[in-house]
file input.cif (mmCIF, C-alpha atoms)
data_start
loop_
_atom_site.group_PDB
_atom_site.id
_atom_site.type_symbol
_atom_site.label_atom_id
_atom_site.label_comp_id
_atom_site.auth_asym_id
_atom_site.auth_seq_id
_atom_site.Cartn_x
_atom_site.Cartn_y
_atom_site.Cartn_z
ATOM 1 C CA MET X 1475 79.841 71.945 139.604
ATOM 2 C CA ILE X 1476 80.055 74.853 137.178
ATOM 3 C CA THR X 1477 83.540 76.001 136.238
ATOM 4 C CA TYR X 1478 84.598 79.081 134.302
ATOM 5 C CA THR X 1479 87.407 79.665 131.832
ATOM 6 C CA ASN X 1480 88.335 82.039 129.044
ATOM 7 C CA LEU X 1481 87.612 80.959 125.474
ATOM 8 C CA THR X 1482 91.134 80.826 124.079
ATOM 9 C CA GLY X 1483 91.482 77.827 121.781
ATOM 10 C CA PHE X 1484 87.780 77.078 121.325
ATOM 11 C CA SER X 1485 86.699 76.783 117.690
ATOM 12 C CA TYR X 1486 83.825 78.657 116.067
ATOM 13 C CA SER X 1487 82.185 75.278 115.481
ATOM 14 C CA PHE X 1488 82.264 74.547 119.219
ATOM 15 C CA LEU X 1489 80.950 78.018 120.131
ATOM 16 C CA LYS X 1490 78.145 77.793 117.550
ATOM 17 C CA LYS X 1491 76.476 74.838 119.247
ATOM 18 C CA THR X 1492 76.067 76.579 122.612
ATOM 19 C CA PHE X 1493 75.250 79.933 120.999
ATOM 20 C CA ASN X 1494 72.322 78.522 119.025
ATOM 21 C CA GLU X 1495 71.026 76.448 121.913
ATOM 22 C CA ALA X 1496 71.185 79.361 124.353
ATOM 23 C CA PHE X 1497 69.450 81.793 121.979
ATOM 24 C CA SER X 1498 66.839 79.342 120.651
ATOM 25 C CA ASP X 1499 64.117 80.663 122.990
ATOM 26 C CA TYR X 1500 65.382 84.245 123.243
ATOM 27 C CA ASN X 1501 63.317 87.354 122.474
ATOM 28 C CA ILE X 1502 64.859 87.228 119.001
ATOM 29 C CA PRO X 1503 65.679 83.541 118.323
ATOM 30 C CA MET X 1504 68.928 82.968 116.431
ATOM 31 C CA ASN X 1505 70.319 80.001 114.576
ATOM 32 C CA LEU X 1506 73.646 80.968 113.027
ATOM 33 C CA SER X 1507 75.975 78.928 110.874
ATOM 34 C CA GLU X 1508 79.633 78.558 111.770
ATOM 35 C CA GLU X 1509 80.512 81.189 109.150
ATOM 36 C CA GLN X 1510 77.890 83.595 110.533
ATOM 37 C CA ILE X 1511 79.249 83.140 114.069
ATOM 38 C CA LYS X 1512 82.735 83.863 112.749
ATOM 39 C CA ILE X 1513 81.585 87.031 110.956
ATOM 40 C CA HIS X 1514 79.603 88.206 113.992
ATOM 41 C CA LEU X 1515 82.506 87.759 116.388
ATOM 42 C CA GLU X 1516 85.228 89.131 114.126
ATOM 43 C CA SER X 1517 83.155 92.201 113.217
ATOM 44 C CA ASN X 1518 82.934 92.949 116.935
ATOM 45 C CA ASP X 1519 86.704 92.447 117.431
ATOM 46 C CA TYR X 1520 86.232 89.333 119.531
ATOM 47 C CA ASN X 1521 88.952 88.684 122.102
ATOM 48 C CA PRO X 1522 88.759 85.058 123.343
ATOM 49 C CA ARG X 1523 91.188 85.770 126.188
ATOM 50 C CA LEU X 1524 88.784 88.317 127.681
ATOM 51 C CA SER X 1525 85.701 86.222 126.938
ATOM 52 C CA ILE X 1526 84.389 83.596 129.319
ATOM 53 C CA GLY X 1527 82.534 80.296 129.180
ATOM 54 C CA ALA X 1528 80.659 78.383 131.880
ATOM 55 C CA PHE X 1529 81.118 74.616 131.812
ATOM 56 C CA ASP X 1530 79.377 71.635 133.347
ATOM 57 C CA ASN X 1531 82.141 69.078 132.885
ATOM 58 C CA ASP X 1532 82.883 69.269 129.127
ATOM 59 C CA LYS X 1533 79.588 70.906 128.189
ATOM 60 C CA MET X 1534 79.603 74.682 127.704
ATOM 61 C CA VAL X 1535 76.357 75.966 129.203
ATOM 62 C CA GLY X 1536 76.892 79.730 129.040
ATOM 63 C CA PHE X 1537 79.193 82.388 127.647
ATOM 64 C CA VAL X 1538 80.044 86.051 127.353
ATOM 65 C CA PHE X 1539 81.763 86.967 124.081
ATOM 66 C CA VAL X 1540 83.908 90.085 124.621
ATOM 67 C CA GLY X 1541 85.157 92.432 121.917
ATOM 68 C CA GLN X 1542 87.952 94.931 122.510
ATOM 69 C CA ARG X 1543 88.871 98.252 120.881
ATOM 70 C CA GLY X 1544 91.492 100.146 122.821
ATOM 71 C CA ASN X 1545 90.232 100.729 126.364
ATOM 72 C CA ARG X 1546 86.679 99.760 125.439
ATOM 73 C CA LEU X 1547 85.191 96.305 125.876
ATOM 74 C CA TYR X 1548 81.942 95.152 124.283
ATOM 75 C CA ASP X 1549 79.538 92.353 125.117
ATOM 76 C CA GLY X 1550 79.095 90.601 121.789
ATOM 77 C CA GLY X 1551 76.695 88.072 123.278
ATOM 78 C CA THR X 1552 75.750 86.783 126.712
ATOM 79 C CA ALA X 1553 73.552 83.736 127.172
ATOM 80 C CA VAL X 1554 72.970 80.628 129.269
ATOM 81 C CA ILE X 1555 71.128 77.557 127.988
ATOM 82 C CA LYS X 1556 67.647 77.139 129.421
ATOM 83 C CA GLU X 1557 68.133 74.365 131.992
ATOM 84 C CA TYR X 1558 71.049 76.209 133.621
ATOM 85 C CA ARG X 1559 69.397 79.593 134.055
ATOM 86 C CA ARG X 1560 68.556 81.257 137.384
ATOM 87 C CA LYS X 1561 71.625 79.714 138.990
ATOM 88 C CA GLY X 1562 73.710 82.887 138.982
ATOM 89 C CA ILE X 1563 75.844 81.794 136.027
ATOM 90 C CA ALA X 1564 75.385 84.953 133.932
ATOM 91 C CA LYS X 1565 76.069 87.131 136.963
ATOM 92 C CA ASN X 1566 79.226 85.175 137.818
ATOM 93 C CA MET X 1567 80.542 85.500 134.260
ATOM 94 C CA ILE X 1568 79.917 89.244 134.047
ATOM 95 C CA LYS X 1569 81.414 89.826 137.509
ATOM 96 C CA SER X 1570 84.515 87.883 136.522
ATOM 97 C CA ILE X 1571 85.004 90.141 133.485
ATOM 98 C CA LEU X 1572 84.418 93.330 135.470
ATOM 99 C CA ASN X 1573 86.860 92.248 138.191
ATOM 100 C CA LYS X 1574 89.623 91.839 135.605
ATOM 101 C CA MET X 1575 89.121 95.187 133.901
ATOM 102 C CA GLN X 1576 91.958 97.677 133.950
ATOM 103 C CA LYS X 1577 91.658 101.224 135.278
ATOM 104 C CA ASP X 1578 89.793 103.564 132.899
ATOM 105 C CA GLU X 1579 88.414 100.717 130.780
ATOM 106 C CA VAL X 1580 84.725 100.759 129.916
ATOM 107 C CA PHE X 1581 82.422 97.832 129.175
ATOM 108 C CA ILE X 1582 79.551 98.428 126.735
ATOM 109 C CA LEU X 1583 76.563 96.199 126.127
ATOM 110 C CA GLU X 1584 73.053 96.249 124.710
ATOM 111 C CA CYS X 1585 70.047 94.676 126.414
ATOM 112 C CA ILE X 1586 66.585 94.214 124.913
ATOM 113 C CA SER X 1587 64.349 96.864 126.495
ATOM 114 C CA ASP X 1588 61.710 94.414 127.743
ATOM 115 C CA ASN X 1589 64.293 92.019 129.207
ATOM 116 C CA THR X 1590 63.598 93.232 132.745
ATOM 117 C CA ARG X 1591 65.580 90.431 134.368
ATOM 118 C CA GLY X 1592 68.650 91.251 132.291
ATOM 119 C CA LEU X 1593 68.345 94.993 132.895
ATOM 120 C CA LYS X 1594 68.110 94.454 136.658
ATOM 121 C CA LEU X 1595 71.169 92.186 136.583
ATOM 122 C CA TYR X 1596 73.306 94.703 134.721
ATOM 123 C CA GLU X 1597 72.153 97.621 136.860
ATOM 124 C CA SER X 1598 72.947 95.636 140.011
ATOM 125 C CA LEU X 1599 76.504 95.223 138.723
ATOM 126 C CA GLY X 1600 76.972 98.943 138.110
ATOM 127 C CA PHE X 1601 75.972 99.381 134.467
ATOM 128 C CA VAL X 1602 74.199 102.638 133.596
ATOM 129 C CA LYS X 1603 71.831 103.201 130.661
ATOM 130 C CA SER X 1604 73.310 105.591 128.102
ATOM 131 C CA ARG X 1605 71.150 105.421 124.957
ATOM 132 C CA GLN X 1606 68.024 103.688 123.680
ATOM 133 C CA PHE X 1607 68.203 102.076 120.242
ATOM 134 C CA ILE X 1608 65.627 100.799 117.765
ATOM 135 C CA CYS X 1609 66.378 98.192 115.090
ATOM 136 C CA TYR X 1610 64.383 98.177 111.838
ATOM 137 C CA LYS X 1611 64.088 96.253 108.607
ATOM 138 C CA LEU X 1612 62.742 97.125 105.159
ATOM 139 C CA ASN X 1613 62.236 94.081 102.964
ATOM 140 C CA GLU X 1614 60.240 95.433 100.033
ATOM 141 C CA GLY X 1615 59.328 98.559 98.125
ATOM 142 C CA GLY X 1616 61.610 101.433 97.317
ATOM 143 C CA LEU X 1617 61.816 103.806 94.368
ATOM 144 C CA LEU X 1618 64.821 104.714 92.254
ATOM 145 C CA SER X 1619 65.621 108.390 91.801
ATOM 146 C CA ASP X 1620 67.826 110.101 89.230
ATOM 147 C CA GLU X 1621 68.806 112.526 92.009
ATOM 148 C CA VAL X 1622 70.603 109.786 93.974
ATOM 149 C CA LYS X 1623 74.082 108.678 92.947
ATOM 150 C CA ARG X 1624 76.143 105.659 93.985
ATOM 151 C CA VAL X 1625 79.732 106.648 94.803
ATOM 152 C CA ASP X 1626 82.905 104.929 95.977
ATOM 153 C CA GLU X 1627 83.387 107.011 99.108
ATOM 154 C CA ALA X 1628 81.792 109.802 101.107
ATOM 155 C CA ILE X 1629 82.449 111.698 104.316
ATOM 156 C CA ILE X 1630 80.050 110.799 107.132
ATOM 157 C CA SER X 1631 78.792 113.564 109.407
ATOM 158 C CA LYS X 1632 81.199 114.543 112.190
ATOM 159 C CA ASP X 1633 78.248 114.513 114.592
ATOM 160 C CA TYR X 1634 77.600 110.825 113.961
ATOM 161 C CA ARG X 1635 78.084 108.754 117.110
ATOM 162 C CA PRO X 1636 77.674 105.119 116.060
ATOM 163 C CA SER X 1637 76.959 102.182 118.281
ATOM 164 C CA TRP X 1638 79.710 99.580 118.598
ATOM 165 C CA GLN X 1639 78.184 97.402 115.872
ATOM 166 C CA ASN X 1640 78.205 100.248 113.341
ATOM 167 C CA GLU X 1641 81.717 101.572 114.016
ATOM 168 C CA LYS X 1642 83.667 99.102 111.921
ATOM 169 C CA ILE X 1643 82.842 99.792 108.266
ATOM 170 C CA VAL X 1644 83.876 97.035 105.840
ATOM 171 C CA ASP X 1645 83.399 97.120 102.041
ATOM 172 C CA PRO X 1646 80.823 99.929 102.142
ATOM 173 C CA ILE X 1647 78.461 101.103 99.426
ATOM 174 C CA TYR X 1648 77.621 104.812 99.476
ATOM 175 C CA TYR X 1649 74.638 106.614 98.015
ATOM 176 C CA VAL X 1650 74.386 110.415 98.035
ATOM 177 C CA HIS X 1651 71.446 112.759 97.581
ATOM 178 C CA GLY X 1652 72.599 116.349 97.668
ATOM 179 C CA GLU X 1653 74.543 116.616 100.923
ATOM 180 C CA ASN X 1654 72.865 113.558 102.452
ATOM 181 C CA LYS X 1655 74.428 110.091 102.480
ATOM 182 C CA ILE X 1656 73.715 106.486 103.325
ATOM 183 C CA CYS X 1657 76.474 103.930 103.927
ATOM 184 C CA VAL X 1658 75.505 100.253 103.629
ATOM 185 C CA ARG X 1659 76.875 96.749 103.161
ATOM 186 C CA LYS X 1660 76.033 94.786 100.039
ATOM 187 C CA ASP X 1661 73.608 92.679 102.111
ATOM 188 C CA GLY X 1662 71.618 95.809 102.987
ATOM 189 C CA GLY X 1663 72.956 96.309 106.499
ATOM 190 C CA VAL X 1664 73.097 100.056 107.144
ATOM 191 C CA TYR X 1665 76.098 101.582 108.878
ATOM 192 C CA PHE X 1666 74.888 105.181 108.651
ATOM 193 C CA SER X 1667 72.056 107.125 107.049
ATOM 194 C CA ASP X 1668 70.953 110.718 106.974
ATOM 195 C CA PRO X 1669 67.180 111.147 107.447
ATOM 196 C CA ASP X 1670 66.379 111.438 103.739
ATOM 197 C CA TYR X 1671 63.254 109.729 102.341
ATOM 198 C CA THR X 1672 64.375 109.797 98.687
ATOM 199 C CA LEU X 1673 67.856 108.519 99.549
ATOM 200 C CA ILE X 1674 66.691 105.564 101.637
ATOM 201 C CA ASN X 1675 63.933 104.698 99.162
ATOM 202 C CA HIS X 1676 66.496 104.556 96.343
ATOM 203 C CA ALA X 1677 68.933 102.365 98.311
ATOM 204 C CA LEU X 1678 66.088 100.030 99.252
ATOM 205 C CA LYS X 1679 65.036 99.568 95.635
ATOM 206 C CA ASP X 1680 68.626 99.105 94.452
ATOM 207 C CA LEU X 1681 69.608 96.549 97.102
ATOM 208 C CA GLY X 1682 66.229 94.890 97.697
ATOM 209 C CA ARG X 1683 66.298 95.201 101.474
ATOM 210 C CA LEU X 1684 67.733 97.340 104.255
ATOM 211 C CA SER X 1685 68.321 96.634 107.925
ATOM 212 C CA PHE X 1686 69.047 99.371 110.445
ATOM 213 C CA THR X 1687 70.790 98.300 113.642
ATOM 214 C CA ASN X 1688 70.758 100.621 116.654
ATOM 215 C CA VAL X 1689 69.085 103.793 115.449
ATOM 216 C CA ASN X 1690 68.992 106.281 118.316
ATOM 217 C CA ASN X 1691 65.368 106.520 119.438
ATOM 218 C CA ASN X 1692 65.360 110.330 119.225
ATOM 219 C CA ASP X 1693 66.984 110.450 115.786
ATOM 220 C CA LYS X 1694 64.978 112.065 112.945
ATOM 221 C CA LEU X 1695 65.737 108.899 110.983
ATOM 222 C CA THR X 1696 63.051 107.081 113.002
ATOM 223 C CA ILE X 1697 60.392 109.351 111.462
ATOM 224 C CA ILE X 1698 61.527 108.569 107.911
ATOM 225 C CA LEU X 1699 61.633 104.843 108.587
ATOM 226 C CA LYS X 1700 58.110 104.936 109.998
ATOM 227 C CA GLU X 1701 56.912 106.739 106.852
ATOM 228 C CA LEU X 1702 58.555 104.044 104.733
ATOM 229 C CA GLY X 1703 56.730 101.325 106.681
ATOM 230 C CA ALA X 1704 59.812 99.826 108.292
ATOM 231 C CA THR X 1705 59.252 96.973 110.727
ATOM 232 C CA ILE X 1706 60.680 97.316 114.233
ATOM 233 C CA ILE X 1707 62.769 94.236 115.024
ATOM 234 C CA ALA X 1708 63.928 95.190 118.508
ATOM 235 C CA GLU X 1709 64.293 97.998 120.976
ATOM 236 C CA GLN X 1710 67.307 97.880 123.247
ATOM 237 C CA GLU X 1711 69.209 99.806 125.877
ATOM 238 C CA GLU X 1712 72.880 100.638 125.527
ATOM 239 C CA MET X 1713 74.490 100.296 128.946
ATOM 240 C CA VAL X 1714 77.989 101.239 130.111
ATOM 241 C CA TYR X 1715 80.172 100.193 133.035
ATOM 242 C CA GLU X 1716 83.208 102.346 133.836
ATOM 243 C CA SER X 1717 86.167 100.899 135.721
ATOM 244 C CA ASN X 1718 87.776 103.338 138.152
#
call {"tool": "encode", "arguments": {"input": "input.cif", "output": "structure tokens"}}
result
Amino acid sequence: MITYTNLTGFSYSFLKKTFNEAFSDYNIPMNLSEEQIKIHLESNDYNPRLSIGAFDNDKMVGFVFVGQRGNRLYDGGTAVIKEYRRKGIAKNMIKSILNKMQKDEVFILECISDNTRGLKLYESLGFVKSRQFICYKLNEGGLLSDEVKRVDEAIISKDYRPSWQNEKIVDPIYYVHGENKICVRKDGGVYFSDPDYTLINHALKDLGRLSFTNVNNNDKLTIILKELGATIIAEQEEMVYESN
């Protein structure tokens, strides 16, 4: 019999084992260390009290990691290990979270665009598609430019509407080219970038690699990244559930 409980008190080491097993055959396989799990969850403002795990006796066989910022909740990872799938476990976990939401709270998630089973599940529960994202990586190339400067801080465009994963900026590096800017982590993860070929090319050469998570599919940045030969890692749908 499958039982469900929140994840208060469970260590990152415990969560890592089920996380890696559940995502081992996913569209984008993952095998994270305990430290990487910790960074992933904390960067998404993980709330174990709102999160949920599915258990077969003492074995955790599925989970939904929930982040919280004000009245917004975020699905920081939903998965069920292979032998327990198609038993309604994911649906039960998501429904449990939705049923406990307060009035005017919203629940945000991202689902890989070709995960038709997942998309149908979320739509059946009341989630609505809001944006389509593309994730890219650049692992080589680049060209330094004397026109680009590295600065300690810069003002990001007021029109910028980041995805959940890009909202929380920690220890940023900024490069500027005229009025254009790129904001990145030291590992090359990009929080924000204006669509500027020279700017991105310089940052790529300086850092050695760049990864762009959740670029809006109609953003001009996609054109620049294509010109630079960026590899598409994933395409995914942002979906939102609003509690009334």
call {"tool": "resolve_selection", "arguments": {"input": "input.cif", "expression": "the PyMOL selection byres ((chain X and resi 1483-1488) around 9)", "output": "ChimeraX atom specification"}}
result
/X:1480-1482,1489-1492,1507-1509,1511-1512,1522,1534
call {"tool": "write_last_selection", "arguments": {"input": "input.cif", "atoms": "C-alpha atoms", "output": "compact mmCIF listing (two decimals), in the frame of the given file"}}
result
# COMPACT_ATOMS: atom_id res chain seq x y z
CA ASN X 1480 88.34 82.04 129.04
CA LEU X 1481 87.61 80.96 125.47
CA THR X 1482 91.13 80.83 124.08
CA LEU X 1489 80.95 78.02 120.13
CA LYS X 1490 78.14 77.79 117.55
CA LYS X 1491 76.48 74.84 119.25
CA THR X 1492 76.07 76.58 122.61
CA SER X 1507 75.97 78.93 110.87
CA GLU X 1508 79.63 78.56 111.77
CA GLU X 1509 80.51 81.19 109.15
CA ILE X 1511 79.25 83.14 114.07
CA LYS X 1512 82.74 83.86 112.75
CA PRO X 1522 88.76 85.06 123.34
CA MET X 1534 79.60 74.68 127.70
call {"tool": "resolve_selection", "arguments": {"input": "input.cif", "expression": "the PyMOL selection byres ((chain X and resi 1663-1670) around 8)", "output": "ChimeraX atom specification"}}
result
/X:1630,1636,1640-1641,1643,1654-1662,1671-1674,1684-1687,1694-1695,1698
call {"tool": "write_last_selection", "arguments": {"input": "input.cif", "atoms": "C-alpha atoms", "output": "CSV table (one decimal), keeping the file's coordinate frame"}}
result
chain,number,residue,atom,x,y,z
X,1630,ILE,CA,80.0,110.8,107.1
X,1636,PRO,CA,77.7,105.1,116.1
X,1640,ASN,CA,78.2,100.2,113.3
X,1641,GLU,CA,81.7,101.6,114.0
X,1643,ILE,CA,82.8,99.8,108.3
X,1654,ASN,CA,72.9,113.6,102.5
X,1655,LYS,CA,74.4,110.1,102.5
X,1656,ILE,CA,73.7,106.5,103.3
X,1657,CYS,CA,76.5,103.9,103.9
X,1658,VAL,CA,75.5,100.3,103.6
X,1659,ARG,CA,76.9,96.7,103.2
X,1660,LYS,CA,76.0,94.8,100.0
X,1661,ASP,CA,73.6,92.7,102.1
X,1662,GLY,CA,71.6,95.8,103.0
X,1671,TYR,CA,63.3,109.7,102.3
X,1672,THR,CA,64.4,109.8,98.7
X,1673,LEU,CA,67.9,108.5,99.5
X,1674,ILE,CA,66.7,105.6,101.6
X,1684,LEU,CA,67.7,97.3,104.3
X,1685,SER,CA,68.3,96.6,107.9
X,1686,PHE,CA,69.0,99.4,110.4
X,1687,THR,CA,70.8,98.3,113.6
X,1694,LYS,CA,65.0,112.1,112.9
X,1695,LEU,CA,65.7,108.9,111.0
X,1698,ILE,CA,61.5,108.6,107.9
call {"tool": "closest_residue", "arguments": {"input": "input.cif", "among": "X:Ile1586, X:Ile1563, X:Ile1476, X:Ile1571", "to": "Cys1609 in chain X", "atoms": "all atoms listed in the file"}}
result
X:Ile1586
call {"tool": "atom_distance", "arguments": {"input": "input.cif", "atom1": "CA of Tyr1634 in chain X", "atom2": "CA of Val1650 in chain X"}}
result
16.3 Å
call {"tool": "residues_around", "arguments": {"input": "input.cif", "residues": "Ser1498 in chain X", "least_positions_apart": "6", "cutoff": "10 Å", "atoms": "only C-alpha atoms", "output": "list in words"}}
result
Thr1492, Met1504, Asn1505, Ile1555 and Lys1556 of chain X
call {"tool": "atom_distance", "arguments": {"input": "input.cif", "atom1": "CA of Glu1712 in chain X", "atom2": "CA of Ile1582 in chain X"}}
result
7.1 Å
call {"tool": "closest_residue", "arguments": {"input": "input.cif", "among": "X:Asn1718, X:Asn1613, X:Asn1545, X:Asn1518", "to": "Gly1703 in chain X", "atoms": "only C-alpha atoms"}}
result
X:Asn1613
call {"tool": "closest_residue", "arguments": {"input": "input.cif", "among": "X:Asn1573, X:Thr1705, X:Thr1477, X:Asn1691", "to": "Phe1607 in chain X", "atoms": "all atoms listed in the file"}}
result
X:Asn1691
call {"tool": "resolve_selection", "arguments": {"input": "input.cif", "expression": "the PyMOL selection byres ((chain X and resi 1531) around 8)", "output": "ChimeraX atom specification"}}
result
/X:1475-1477,1529-1530,1532-1533
